[in-house]
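Engineer: Sharing start-v5.txt (compact mmCIF, C-alpha atoms and all ligand atoms) below.
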# COMPACT_ATOMS: atom_id res chain seq x y z
CA MET A 1 48.30 56.80 107.23
CA TYR A 2 50.65 54.46 105.36
CA LYS A 3 53.82 53.76 107.39
CA ASP A 4 55.66 52.23 104.47
CA ALA A 5 54.17 53.32 101.19
CA SER A 6 56.47 51.16 99.06
CA SER A 7 55.05 47.97 100.59
CA ASN A 8 51.74 48.83 98.94
CA GLY A 9 52.81 48.23 95.33
CA ASP A 10 54.57 50.91 93.28
CA LEU A 11 55.31 54.14 95.04
CA THR A 12 55.38 56.54 92.10
CA VAL A 13 52.46 56.72 89.71
CA ASN A 14 53.41 58.42 86.44
CA ILE A 15 50.80 60.47 84.69
CA GLY A 16 50.64 61.69 81.10
CA LEU A 17 48.37 64.71 80.70
CA ILE A 18 46.90 65.43 77.27
CA GLY A 19 45.50 68.97 77.06
CA LEU A 20 46.73 71.95 79.03
CA GLY A 21 43.62 74.12 78.67
CA TYR A 22 41.21 75.47 81.27
CA ILE A 23 40.81 72.15 83.10
CA GLY A 24 44.18 70.58 82.21
CA SER A 25 46.24 73.38 83.73
CA GLU A 26 44.13 73.28 86.90
CA VAL A 27 44.65 69.51 87.20
CA PHE A 28 48.37 70.09 86.81
CA LYS A 29 48.36 72.78 89.51
CA LEU A 30 46.22 70.71 91.88
CA ILE A 31 48.56 67.73 91.70
CA HIS A 32 51.52 70.06 92.23
CA GLU A 33 50.03 71.97 95.16
CA GLN A 34 48.38 69.03 96.92
CA HIS A 35 51.17 66.55 96.18
CA ASP A 36 52.41 66.01 99.73
CA TYR A 37 48.91 65.99 101.19
CA ILE A 38 47.79 63.30 98.70
CA MET A 39 50.97 61.31 99.35
CA LYS A 40 50.25 61.26 103.08
CA LYS A 41 46.72 60.08 102.42
CA ILE A 42 47.31 57.34 99.86
CA GLY A 43 51.00 56.57 100.16
CA LYS A 44 51.65 57.30 96.48
CA ASP A 45 53.72 59.87 94.71
CA LEU A 46 51.58 61.32 91.89
CA LYS A 47 53.88 62.61 89.20
CA ILE A 48 52.87 64.35 85.98
CA THR A 49 55.74 63.18 83.82
CA VAL A 50 54.62 64.30 80.35
CA VAL A 51 52.23 67.05 79.28
CA ALA A 52 51.04 67.11 75.67
CA GLU A 53 49.49 70.33 74.40
CA LYS A 54 49.07 71.15 70.73
CA ASP A 55 49.35 74.90 71.30
CA LEU A 56 52.44 75.03 73.52
CA GLY A 57 53.37 78.40 72.07
CA SER A 58 50.55 80.04 74.03
CA ARG A 59 51.65 78.35 77.29
CA LYS A 60 55.24 79.62 77.45
CA GLU A 61 54.91 81.04 80.98
CA PHE A 62 53.46 77.79 82.27
CA VAL A 63 56.19 75.69 80.63
CA LYS A 64 58.87 77.97 82.10
CA LYS A 65 57.38 77.78 85.57
CA TYR A 66 57.30 73.97 85.65
CA LYS A 67 60.62 73.17 84.00
CA GLY A 68 60.89 69.76 85.70
CA THR A 69 58.05 68.43 83.53
CA ARG A 70 58.44 67.21 79.94
CA PHE A 71 56.18 69.29 77.65
CA THR A 72 55.45 68.19 74.09
CA ASP A 73 52.97 68.85 71.32
CA ASN A 74 52.78 65.14 70.51
CA PRO A 75 50.31 63.13 72.67
CA TYR A 76 51.89 59.89 71.50
CA GLU A 77 55.01 60.78 73.48
CA ALA A 78 52.86 60.13 76.54
CA ILE A 79 50.76 57.29 75.12
CA ASN A 80 53.80 55.31 73.92
CA ASP A 81 55.93 55.99 76.98
CA GLU A 82 56.30 52.68 78.86
CA SER A 83 56.79 54.44 82.19
CA ILE A 84 53.41 56.24 82.09
CA ASP A 85 50.71 54.51 84.14
CA ILE A 86 47.74 56.84 83.66
CA ILE A 87 46.75 58.97 80.67
CA VAL A 88 44.52 61.93 81.52
CA GLU A 89 42.62 63.14 78.45
CA LEU A 90 41.37 66.72 78.75
CA ILE A 91 41.05 67.96 75.18
CA GLY A 92 37.33 67.13 74.82
CA GLY A 93 35.41 66.30 71.63
CA ILE A 94 35.26 63.02 69.73
CA ASP A 95 38.29 63.11 67.44
CA PRO A 96 41.17 62.79 68.13
CA ALA A 97 40.29 62.14 71.81
CA PHE A 98 38.86 58.72 70.90
CA GLU A 99 42.12 57.68 69.18
CA PHE A 100 44.22 58.91 72.10
CA ILE A 101 42.09 57.11 74.69
CA THR A 102 41.85 53.81 72.85
CA GLY A 103 45.56 54.07 72.00
CA ALA A 104 46.38 54.41 75.71
CA LEU A 105 44.04 51.53 76.69
CA LYS A 106 45.64 49.30 74.04
CA LYS A 107 48.96 49.97 75.76
CA GLY A 108 47.39 48.75 79.02
CA LYS A 109 47.33 52.18 80.61
CA TYR A 110 44.54 53.51 82.79
CA VAL A 111 42.65 56.50 81.42
CA VAL A 112 40.93 59.38 83.20
CA THR A 113 38.77 61.78 81.19
CA ALA A 114 36.22 64.57 81.60
CA ASN A 115 34.90 64.01 78.07
CA LYS A 116 31.09 63.77 78.20
CA ASP A 117 30.54 63.95 74.42
CA LEU A 118 32.86 61.00 73.89
CA MET A 119 31.61 58.86 76.80
CA ALA A 120 27.97 59.44 75.76
CA ARG A 121 28.70 58.35 72.18
CA LYS A 122 31.51 55.81 72.33
CA GLY A 123 31.36 54.54 75.91
CA ALA A 124 30.66 50.94 74.86
CA LYS A 125 33.64 50.79 72.44
CA ILE A 126 35.95 52.38 74.98
CA PHE A 127 34.97 49.93 77.72
CA GLU A 128 35.43 47.02 75.30
CA GLU A 129 39.00 48.18 74.69
CA ALA A 130 39.64 48.68 78.42
CA GLU A 131 38.40 45.18 79.29
CA LYS A 132 40.42 43.58 76.51
CA ASN A 133 43.54 45.10 78.05
CA ASN A 134 42.65 44.48 81.70
CA THR A 135 42.56 48.15 82.46
CA ASP A 136 39.93 50.82 83.16
CA ILE A 137 38.63 54.27 82.25
CA LEU A 138 37.29 56.64 84.91
CA PHE A 139 35.22 59.69 83.96
CA GLU A 140 33.75 61.27 87.09
CA ALA A 141 34.32 64.81 85.77
CA SER A 142 32.17 64.15 82.68
CA VAL A 143 28.97 64.57 84.72
CA GLY A 144 28.29 67.29 87.28
CA GLY A 145 31.80 68.82 87.36
CA GLY A 146 33.01 68.59 90.95
CA ILE A 147 30.11 66.52 92.30
CA PRO A 148 30.95 62.86 93.00
CA ILE A 149 28.19 60.91 91.21
CA ILE A 150 29.69 58.18 89.02
CA GLY A 151 32.12 56.88 91.65
CA PRO A 152 29.40 56.59 94.33
CA LEU A 153 27.02 54.91 91.85
CA LYS A 154 29.69 52.34 91.01
CA SER A 155 30.84 51.81 94.59
CA SER A 156 28.91 52.91 97.71
CA LEU A 157 25.51 52.65 95.97
CA ALA A 158 26.35 49.64 93.81
CA SER A 159 24.10 47.23 95.74
CA ASN A 160 20.97 49.27 94.96
CA ASN A 161 18.55 48.91 92.07
CA ILE A 162 18.26 52.53 91.01
CA SER A 163 14.76 53.28 89.75
CA LYS A 164 14.97 57.01 89.21
CA ILE A 165 17.46 59.80 88.48
CA VAL A 166 16.38 63.42 88.38
CA GLY A 167 19.17 65.88 87.69
CA ILE A 168 19.79 69.54 87.18
CA LEU A 169 22.87 68.86 85.10
CA ASN A 170 23.43 72.07 83.18
CA GLY A 171 24.63 75.11 85.07
CA THR A 172 24.10 77.62 82.25
CA THR A 173 20.39 76.91 81.86
CA ASN A 174 19.90 76.77 85.62
CA PHE A 175 21.58 80.19 85.84
CA ILE A 176 19.33 81.58 83.07
CA LEU A 177 16.12 80.24 84.66
CA THR A 178 17.22 81.55 88.08
CA LYS A 179 17.88 85.04 86.71
CA MET A 180 14.56 85.05 84.83
CA LYS A 181 12.70 84.16 88.02
CA ASP A 182 14.61 86.14 90.67
CA ASN A 183 15.63 89.22 88.64
CA SER A 184 12.80 89.27 86.05
CA LEU A 185 15.32 89.18 83.20
CA SER A 186 14.12 88.05 79.76
CA PHE A 187 15.60 84.84 78.35
CA ASP A 188 17.89 86.85 76.02
CA GLU A 189 19.11 89.12 78.81
CA ALA A 190 19.85 86.15 81.08
CA LEU A 191 21.68 84.29 78.28
CA LYS A 192 23.78 87.37 77.58
CA MET A 193 24.72 87.52 81.26
CA ALA A 194 25.63 83.79 81.30
CA LYS A 195 27.87 84.31 78.24
CA HIS A 196 29.48 87.36 79.79
CA LEU A 197 30.31 85.41 82.96
CA GLY A 198 31.79 82.59 80.87
CA TYR A 199 29.27 79.93 81.93
CA ALA A 200 27.86 78.97 78.53
CA GLU A 201 29.59 76.42 76.28
CA ALA A 202 31.47 77.77 73.22
CA ASN A 203 28.29 76.98 71.33
CA PRO A 204 25.54 77.89 73.84
CA ALA A 205 23.00 75.95 71.78
CA SER A 206 24.41 72.81 73.39
CA ASP A 207 23.35 74.13 76.81
CA ILE A 208 20.10 75.85 75.75
CA GLU A 209 18.75 72.97 73.65
CA GLY A 210 19.46 70.38 76.31
CA ASN A 211 22.28 68.54 74.49
CA ASP A 212 24.85 69.04 77.23
CA ALA A 213 22.44 67.68 79.86
CA ALA A 214 21.47 64.82 77.49
CA ASN A 215 25.11 63.70 77.22
CA LYS A 216 25.37 63.65 80.99
CA LEU A 217 22.06 61.80 81.38
CA ALA A 218 23.08 59.14 78.81
CA ILE A 219 26.22 58.50 80.87
CA LEU A 220 24.43 58.42 84.23
CA ALA A 221 21.49 56.31 83.02
CA SER A 222 23.86 53.71 81.51
CA ILE A 223 25.49 53.31 84.93
CA ALA A 224 22.36 53.57 87.07
CA PHE A 225 20.28 51.13 84.99
CA ASN A 226 23.16 48.80 83.99
CA SER A 227 22.23 49.09 80.33
CA ARG A 228 23.88 51.20 77.61
CA VAL A 229 21.85 54.33 76.89
CA HIS A 230 22.84 55.97 73.61
CA ILE A 231 22.67 59.72 73.24
CA GLU A 232 20.09 59.29 70.44
CA ASP A 233 17.80 57.55 72.94
CA VAL A 234 17.48 60.69 75.05
CA TYR A 235 14.49 62.92 74.24
CA ARG A 236 15.62 66.55 74.26
CA GLU A 237 13.77 69.82 74.57
CA GLY A 238 15.51 73.05 75.58
CA ILE A 239 14.52 76.18 77.49
CA GLY A 240 14.36 78.56 74.48
CA ASN A 241 10.54 78.76 74.69
CA ILE A 242 10.30 79.56 78.38
CA SER A 243 9.09 83.11 79.07
CA ILE A 244 8.81 85.20 82.21
CA SER A 245 5.01 84.72 81.95
CA ASP A 246 5.42 80.92 82.18
CA ILE A 247 7.67 81.36 85.20
CA SER A 248 5.21 83.67 86.94
CA TYR A 249 2.10 81.52 86.20
CA ALA A 250 4.04 78.48 87.44
CA ASP A 251 4.90 80.39 90.61
CA GLU A 252 1.24 81.24 91.18
CA LEU A 253 0.38 77.55 90.86
CA GLY A 254 3.07 76.51 93.39
CA TYR A 255 5.78 75.47 90.92
CA ILE A 256 9.20 76.56 89.69
CA ILE A 257 10.57 75.80 86.20
CA LYS A 258 13.84 73.85 85.91
CA LEU A 259 15.58 72.07 83.04
CA LEU A 260 15.50 68.47 84.24
CA ALA A 261 17.38 65.38 83.08
CA ILE A 262 15.17 62.45 84.05
CA GLY A 263 15.93 58.76 83.82
CA SER A 264 13.67 56.03 85.12
CA ASP A 265 13.51 52.28 85.04
CA GLU A 266 9.88 51.48 84.18
CA GLY A 267 9.36 47.76 84.65
CA GLY A 268 12.67 46.90 82.99
CA LYS A 269 12.45 49.57 80.27
CA VAL A 270 14.45 52.77 80.42
CA ASN A 271 12.89 56.20 80.00
CA VAL A 272 15.37 59.05 79.39
CA ARG A 273 14.48 62.67 78.71
CA VAL A 274 15.74 66.20 79.09
CA HIS A 275 13.15 68.97 79.10
CA PRO A 276 11.99 71.96 81.11
CA ALA A 277 9.49 71.06 83.80
CA LEU A 278 7.37 72.65 86.47
CA ILE A 279 8.40 71.14 89.80
CA PRO A 280 6.83 71.83 93.22
CA LYS A 281 8.42 74.83 94.93
CA LYS A 282 8.79 72.78 98.10
CA HIS A 283 10.87 69.99 96.47
CA ILE A 284 14.57 70.07 97.36
CA LEU A 285 15.55 70.39 93.66
CA ALA A 286 13.63 73.69 93.52
CA SER A 287 16.24 75.22 95.83
CA ILE A 288 19.13 74.56 93.40
CA LYS A 289 19.95 77.99 92.00
CA ASP A 290 22.39 79.75 89.67
CA THR A 291 25.06 77.51 88.11
CA TYR A 292 24.78 74.80 90.74
CA ASN A 293 23.98 71.23 89.70
CA ALA A 294 22.25 68.51 91.69
CA VAL A 295 21.30 64.91 91.11
CA TYR A 296 18.60 63.09 92.97
CA PHE A 297 18.41 59.26 92.93
CA TYR A 298 16.09 56.67 94.29
CA GLY A 299 17.66 53.33 95.24
CA ASN A 300 15.76 50.35 96.66
CA TYR A 301 17.94 50.19 99.81
CA VAL A 302 19.31 53.70 100.22
CA GLY A 303 15.97 55.37 99.41
CA GLU A 304 16.19 59.02 98.37
CA ILE A 305 19.65 60.51 98.00
CA MET A 306 20.87 63.76 96.48
CA SER A 307 24.26 65.24 95.56
CA PHE A 308 24.74 68.95 95.09
CA GLY A 309 27.62 71.19 94.09
CA ARG A 310 29.49 73.00 91.36
CA GLY A 311 28.71 71.39 88.01
CA ALA A 312 31.44 73.18 86.10
CA GLY A 313 34.50 75.36 86.57
CA ASP A 314 38.21 74.61 86.54
CA LYS A 315 38.76 73.84 90.23
CA PRO A 316 35.67 71.65 90.86
CA THR A 317 36.28 69.70 87.62
CA ALA A 318 39.97 69.27 88.47
CA SER A 319 38.89 67.94 91.88
CA SER A 320 36.92 65.15 90.16
CA VAL A 321 39.68 64.36 87.66
CA VAL A 322 42.24 64.00 90.44
CA GLY A 323 39.74 61.98 92.51
CA ASP A 324 39.71 59.44 89.67
CA ILE A 325 43.52 59.46 89.49
CA ILE A 326 43.61 58.77 93.23
CA ALA A 327 41.09 55.90 92.90
CA ILE A 328 43.48 54.26 90.43
CA ALA A 329 46.68 55.17 92.27
CA ARG A 330 45.64 54.20 95.79
CA ASN A 331 46.55 50.52 95.55
CA TYR A 332 48.47 50.72 92.32
CA ASP A 333 50.79 47.89 91.44
CA ARG A 334 52.16 47.96 87.90
CA ASN A 335 52.71 44.20 87.86
CA ASN A 336 49.34 43.30 89.23
CA LYS A 337 46.82 45.57 87.57
CA ARG A 338 43.12 45.49 88.40
CA ILE A 339 39.85 46.84 87.11
CA ILE A 340 38.77 49.72 89.36
CA TYR A 341 35.02 49.81 88.60
CA GLY A 342 34.75 48.44 85.06
CA CYS A 343 31.75 48.62 82.78
CA THR A 344 28.51 47.94 84.63
CA CYS A 345 26.22 47.62 81.58
CA PHE A 346 25.44 43.92 81.95
CA THR A 347 21.87 44.03 80.62
CA ASP A 348 20.23 45.36 77.48
CA LYS A 349 17.03 47.20 78.36
CA GLN A 350 14.58 48.64 75.85
CA ILE A 351 13.94 52.37 75.70
CA VAL A 352 10.38 53.62 76.36
CA PRO A 353 9.20 55.47 73.20
CA PHE A 354 8.83 59.12 74.08
CA MET A 355 5.23 59.31 72.85
CA GLU A 356 4.29 56.66 75.45
CA THR A 357 5.84 58.64 78.31
CA ILE A 358 3.30 59.72 80.89
CA ASN A 359 3.29 63.33 82.09
CA LYS A 360 1.19 66.05 83.57
CA PHE A 361 1.23 69.20 81.44
CA TYR A 362 1.01 72.96 81.86
CA ILE A 363 -0.70 74.46 78.80
CA LEU A 364 -0.94 78.18 78.07
CA ILE A 365 -3.52 79.24 75.48
CA ASP A 366 -4.93 82.58 74.29
CA VAL A 367 -8.57 82.26 73.26
CA THR A 368 -11.50 84.40 72.13
CA ASP A 369 -13.23 85.58 75.29
CA LYS A 370 -16.79 84.46 74.63
CA THR A 371 -19.40 81.95 75.75
CA GLY A 372 -18.84 78.25 74.99
CA VAL A 373 -15.08 78.44 74.43
CA LEU A 374 -14.20 76.37 77.47
CA ALA A 375 -16.71 73.70 76.51
CA LYS A 376 -15.12 73.37 73.05
CA ILE A 377 -11.63 73.04 74.51
CA ALA A 378 -12.77 70.55 77.17
CA GLN A 379 -14.37 68.43 74.45
CA VAL A 380 -11.08 68.18 72.52
CA PHE A 381 -9.14 67.27 75.67
CA GLY A 382 -11.76 64.67 76.65
CA LYS A 383 -11.74 63.05 73.20
CA ASN A 384 -7.96 62.65 73.41
CA ASN A 385 -7.89 61.24 76.94
CA VAL A 386 -6.44 64.36 78.49
CA SER A 387 -8.07 65.11 81.82
CA ILE A 388 -7.87 68.63 83.27
CA GLN A 389 -6.72 69.00 86.87
CA SER A 390 -7.06 72.79 87.14
CA MET A 391 -7.51 75.92 85.07
CA ILE A 392 -7.07 79.61 85.73
CA GLN A 393 -8.20 82.44 83.50
CA LYS A 394 -6.13 85.62 83.05
CA GLN A 395 -6.86 88.94 81.41
CA THR A 396 -4.68 89.97 78.46
CA ASP A 397 -3.86 93.39 77.04
CA VAL A 398 -5.78 92.51 73.90
CA LYS A 399 -9.50 93.25 73.98
CA GLY A 400 -11.68 90.16 73.53
CA THR A 401 -8.78 87.76 74.30
CA ALA A 402 -8.55 85.66 77.45
CA ARG A 403 -5.54 83.67 78.56
CA LEU A 404 -6.11 80.17 79.96
CA VAL A 405 -3.59 78.27 82.05
CA PHE A 406 -4.34 74.54 82.28
CA ILE A 407 -2.72 71.84 84.37
CA THR A 408 -3.63 68.35 83.19
CA HIS A 409 -3.62 65.03 85.00
CA ASP A 410 -1.15 62.36 83.86
CA THR A 411 -1.48 61.49 80.19
CA ALA A 412 0.67 59.96 77.45
CA ASN A 413 2.64 62.49 75.41
CA LYS A 414 0.90 61.25 72.25
CA ASN A 415 -2.50 62.23 73.74
CA LEU A 416 -1.27 65.70 74.53
CA TYR A 417 0.18 66.17 71.05
CA SER A 418 -2.98 64.98 69.29
CA SER A 419 -5.16 67.28 71.39
CA ILE A 420 -2.89 70.26 70.61
CA GLU A 421 -3.18 69.51 66.89
CA GLU A 422 -6.99 69.47 67.18
CA LEU A 423 -7.11 72.58 69.34
CA LYS A 424 -5.12 74.51 66.73
CA LYS A 425 -7.99 73.93 64.30
CA LEU A 426 -10.63 75.52 66.57
CA ASP A 427 -11.61 79.03 65.48
CA VAL A 428 -11.78 80.17 69.15
CA ILE A 429 -8.11 79.43 69.73
CA LYS A 430 -5.89 82.45 69.05
CA GLU A 431 -2.55 80.95 70.05
CA ILE A 432 -1.24 77.91 71.88
CA ILE A 433 1.60 79.72 73.59
CA ASN A 434 3.37 76.91 75.41
CA THR A 435 3.14 73.39 76.75
CA ILE A 436 5.55 72.39 79.52
CA ARG A 437 5.67 69.11 81.43
CA VAL A 438 4.86 69.05 85.13
CA GLU A 439 6.87 66.71 87.39
CA GLU A 440 5.45 66.29 90.90
CA LEU A 441 8.65 64.34 91.85
N1 LIG B 1 28.22 74.18 79.99
C1 LIG B 1 28.09 73.26 81.06
C2 LIG B 1 27.04 73.79 82.01
C3 LIG B 1 29.34 73.07 81.86
O1 LIG B 1 26.54 74.89 81.81
O2 LIG B 1 26.73 73.10 82.96
C4 LIG B 1 30.20 71.94 81.43
O3 LIG B 1 29.54 70.72 81.40
Can you turn what I pasted into structure tokens?
Ligand code: HSE
Structural biologist:
Amino acid sequence: MYKDASSNGDLTVNIGLIGLGYIGSEVFKLIHEQHDYIMKKIGKDLKITVVAEKDLGSRKEFVKKYKGTRFTDNPYEAINDESIDIIVELIGGIDPAFEFITGALKKGKYVVTANKDLMARKGAKIFEEAEKNNTDILFEASVGGGIPIIGPLKSSLASNNISKIVGILNGTTNFILTKMKDNSLSFDEALKMAKHLGYAEANPASDIEGNDAANKLAILASIAFNSRVHIEDVYREGIGNISISDISYADELGYIIKLLAIGSDEGGKVNVRVHPALIPKKHILASIKDTYNAVYFYGNYVGEIMSFGRGAGDKPTASSVVGDIIAIARNYDRNNKRIIYGCTCFTDKQIVPFMETINKFYILIDVTDKTGVLAKIAQVFGKNNVSIQSMIQKQTDVKGTARLVFITHDTANKNLYSSIEELKKLDVIKEIINTIRVEEL
């Protein structure tokens, strides 16, 4: 405990909060409720001096309750206020958040944000501005809600070469897949439940199609591999095509289906992709259920490491936002500012083209149930360098139709795609129902 807090630089750290929504109001409350506890720990008085909210009319009760704080609908009252040390941006989206953040950095202020869309798209520009002004931006809450991932990557794990990240980074899709498996709900029923419980994004397509997880992966991969990964670099495939049948065949084969965000450093090139995958039921990631998130890393000194927790929600996200504020405030000295972590993208690695990515595949096909069908299919796979690891045959409700479930050995995505195109032309193929990647992890 600090005996004399004032000897450790400035005592009061003034905060300007932009956005008093779901997360913003929780950050406000946390700092209020935990104020004395935080002060005892870090020897600093965290003070939210200005709150900017464009829709103050709807927050009358809140404003009345915390009369000691200055509320405004103009963010520049906080950004231009000389006494403010840290701007906390919690409005989300690209514009005007980008202007507010760069405006604050230009003024030499520190910035804390939870904005994954912005950091995944404009991270490089924002860091450039921070460095120019000898300040920093911290964004722990942008990935994995309450789970500390970015801070540990930039500090405790910083000595490691990270070669692999595998994350379950979207709670909504993990909830949907869990309900489909454990409660035999259809995709639509599970999505409806997720919406009802308030888990899905305003536009659930962002969750379902893998865009939310892709933003988070672009941010994590940039840090883990020390090279800027742009959101466009991330291959994306959502869970809209996953059916209960896929989940039950996967189960029979010893797998569970998860939406994974995978990043790997492959001999100095970066491979980044978000897609559903069959993973072994015994792997630790298979146990991550409902809206929980988890990220698994491999570092050359630490070995395997995994973080698990609440990937969304007001309280967990506020916990991460305030953790960043504390990282800045702990040794804060207004006259002797320092970079906390800074940008760690010091190399420029190429991205592995998705078609070259190597995967095992699960393939589900309905075929005419007659002699010679398997031989024809095997010939197409063989010609395209796709080797079959196992196959099971299932009955269908349709007379004369058999269902085949294949698991392939590792092959390049381009080989799989070319064999699917050829298979479609065979008269014995009734329908290629699904292809899903298999990750042995
Ligand atoms: N919609 C996100 C999820 C939460 O389902 O994980 C915020 O990132």
Engineer: Using only C-alpha atoms, which residues sit within 9 Å of Asp10 (chain A) once same-chain residues fewer than 6 positions away are excluded, as a ChimeraX atom specification?
Structural biologist: /A:44,331-335
Engineer: Neighbours of ligand LIG 1 (chain B) at 8 Å or closer, counting only C-alpha atoms and all ligand atoms: which residues, as a PyMOL selection string?
Structural biologist: chain A and resi 116+142-145+169-174+199-201+204+206-207+212-213+291+293+311-313
Engineer: Which residue, A:Leu157, A:Val112, A:Ile257, A:Leu138, has the smallest gap to Lys179 (chain A) when you use only C-alpha atoms?
Structural biologist: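 Closest to Lys179 (chain A), using only C-alpha atoms: A:Ile257.
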Engineer: So the first atom is CA of Lys29 (chain A) and the second is CA of Val322 (chain A); what is the distance between them in Å, to one decimal place?
Structural biologist: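 Calculated distance between CA of Lys29 (chain A) and CA of Val322 (chain A) is 10.7 Å.
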Engineer: Neighbouring residues of Ala190 (chain A) were defined as those with any atom within 9 Å, considering only C-alpha atoms; residues of the same chain fewer than 4 positions away were excluded. Please report them as a list in words.
Structural biologist: Phe175, Ile176, Leu177, Thr178, Lys179, Met180, Leu185, Ser186, Ala194 and Lys195 of chain A
Engineer: Rounded to one decimal in Å, what is the spacing between CA of Gly21 (chain A) and CA of Ile42 (chain A)?
Structural biologist: 27.3 Å
Engineer: Near Glu128 (chain A), counting all atoms listed in the file, which residues have an atom at most 10 Å away, once you skip same-chain residues fewer than 5 positions from it, shown as a list in words?
Structural biologist: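 In the requested form, the answer reads Thr102, Leu105, Gly123, Asn133, Asn134, Asp136, Gly342 and Cys343 of chain A.
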Engineer: Which residues are close to Val352 (chain A), i.e. within 8 Å by only C-alpha atoms, leaving aside same-chain residues fewer than 5 positions away? Reply as an MDAnalysis selection string.
Structural biologist: chainID A and resid 269:272 357
Engineer: Which is closest to Ser83 (chain A) among A:Val13, A:Ile242, A:Ala158, A:Leu46, if we use all atoms listed in the file?
Structural biologist: A:Val13
Engineer: Which is closer to Ile326 (chain A) than all the others in A:Gly24, A:Asp246, A:Val51, A:Glu140, using only C-alpha atoms?
Structural biologist: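 Under the stated criterion, the closest residue is A:Glu140.
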Engineer: Expressed in Å to a single decimal, how great is the separation between CA of Gly93 (chain A) and CA of Lys122 (chain A)?
Structural biologist: 11.2 Å
Engineer: Enumerate, as a list in words, the protein, DNA and RNA residues whose atoms approach (30.5, 62.2, 77.3) to within 7 Å, taking into account all atoms listed in the file and the coordinate frame of the file.
Structural biologist: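 I get Asn115, Lys116, Asp117, Leu118, Met119, Ala120, Arg121, Ser142, Asn215, Lys216 and Ile219 of chain A for the residues within 7 Å of that point.
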Engineer: With only C-alpha atoms as the basis for distance, which of A:Gln379, A:Asn14, A:Thr411, A:Asn241 is at the shortest distance from Leu423 (chain A)?
Structural biologist: A:Gln379
Engineer: Would you please work out which residue, of A:Glu439, A:Val321, A:Val386, A:Asp55, is nearest to Ile420 (chain A) when using only C-alpha atoms?
Structural biologist: A:Val386
Engineer: Is it possible to get the residues within 7 Å of (33.5, 66.3, 92.1) (coordinates as in the file, counting all atoms listed in the file) written as a ChimeraX atom specification?
Structural biologist: /A:141,145-148,316-317,319-320
Engineer: Put those residues in a file: C-alpha atoms, as an mmCIF file, in the coordinates of the input.
Structural biologist:
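Wrote it out as part01.cif, contents follow:
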data_model
loop_
_atom_site.group_PDB
_atom_site.id
_atom_site.type_symbol
_atom_site.label_atom_id
_atom_site.label_comp_id
_atom_site.auth_asym_id
_atom_site.auth_seq_id
_atom_site.Cartn_x
_atom_site.Cartn_y
_atom_site.Cartn_z
ATOM 1 C CA ALA A 141 34.320 64.810 85.770
ATOM 2 C CA GLY A 145 31.800 68.820 87.360
ATOM 3 C CA GLY A 146 33.010 68.590 90.950
ATOM 4 C CA ILE A 147 30.110 66.520 92.300
ATOM 5 C CA PRO A 148 30.950 62.860 93.000
ATOM 6 C CA PRO A 316 35.670 71.650 90.860
ATOM 7 C CA THR A 317 36.280 69.700 87.620
ATOM 8 C CA SER A 319 38.890 67.940 91.880
ATOM 9 C CA SER A 320 36.920 65.150 90.160
#
Engineer: Of the candidates A:Ala378, A:Phe62, A:Ile168, A:Leu191, which one gets nearest to Arg310 (chain A) if we count all atoms listed in the file?
Structural biologist: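 Counting all atoms listed in the file, the residue closest to Arg310 (chain A) is A:Ile168.
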Engineer: Need the shell around Ile137 (chain A): protein/DNA/RNA residues with any atom at most 8 Å away, counting all atoms listed in the file. Skip same-chain ones fewer than 5 positions apart. Format as a list of chain:residue names?
Structural biologist: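 What passes the distance filter is A:Tyr110, A:Val111, A:Val112, A:Thr113, A:Ile126, A:Phe127, A:Ala130, A:Gly342.
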Engineer: Keeping only C-alpha atoms, write the selected residues to a file as a short mmCIF file (atom, residue, chain, number, x, y, z; two decimals), in the coordinates of the input.
Structural biologist:
data_model
loop_
_atom_site.label_atom_id
_atom_site.label_comp_id
_atom_site.auth_asym_id
_atom_site.auth_seq_id
_atom_site.Cartn_x
_atom_site.Cartn_y
_atom_site.Cartn_z
CA TYR A 110 44.54 53.51 82.79
CA VAL A 111 42.65 56.50 81.42
CA VAL A 112 40.93 59.38 83.20
CA THR A 113 38.77 61.78 81.19
CA ILE A 126 35.95 52.38 74.98
CA PHE A 127 34.97 49.93 77.72
CA ALA A 130 39.64 48.68 78.42
CA GLY A 342 34.75 48.44 85.06
#
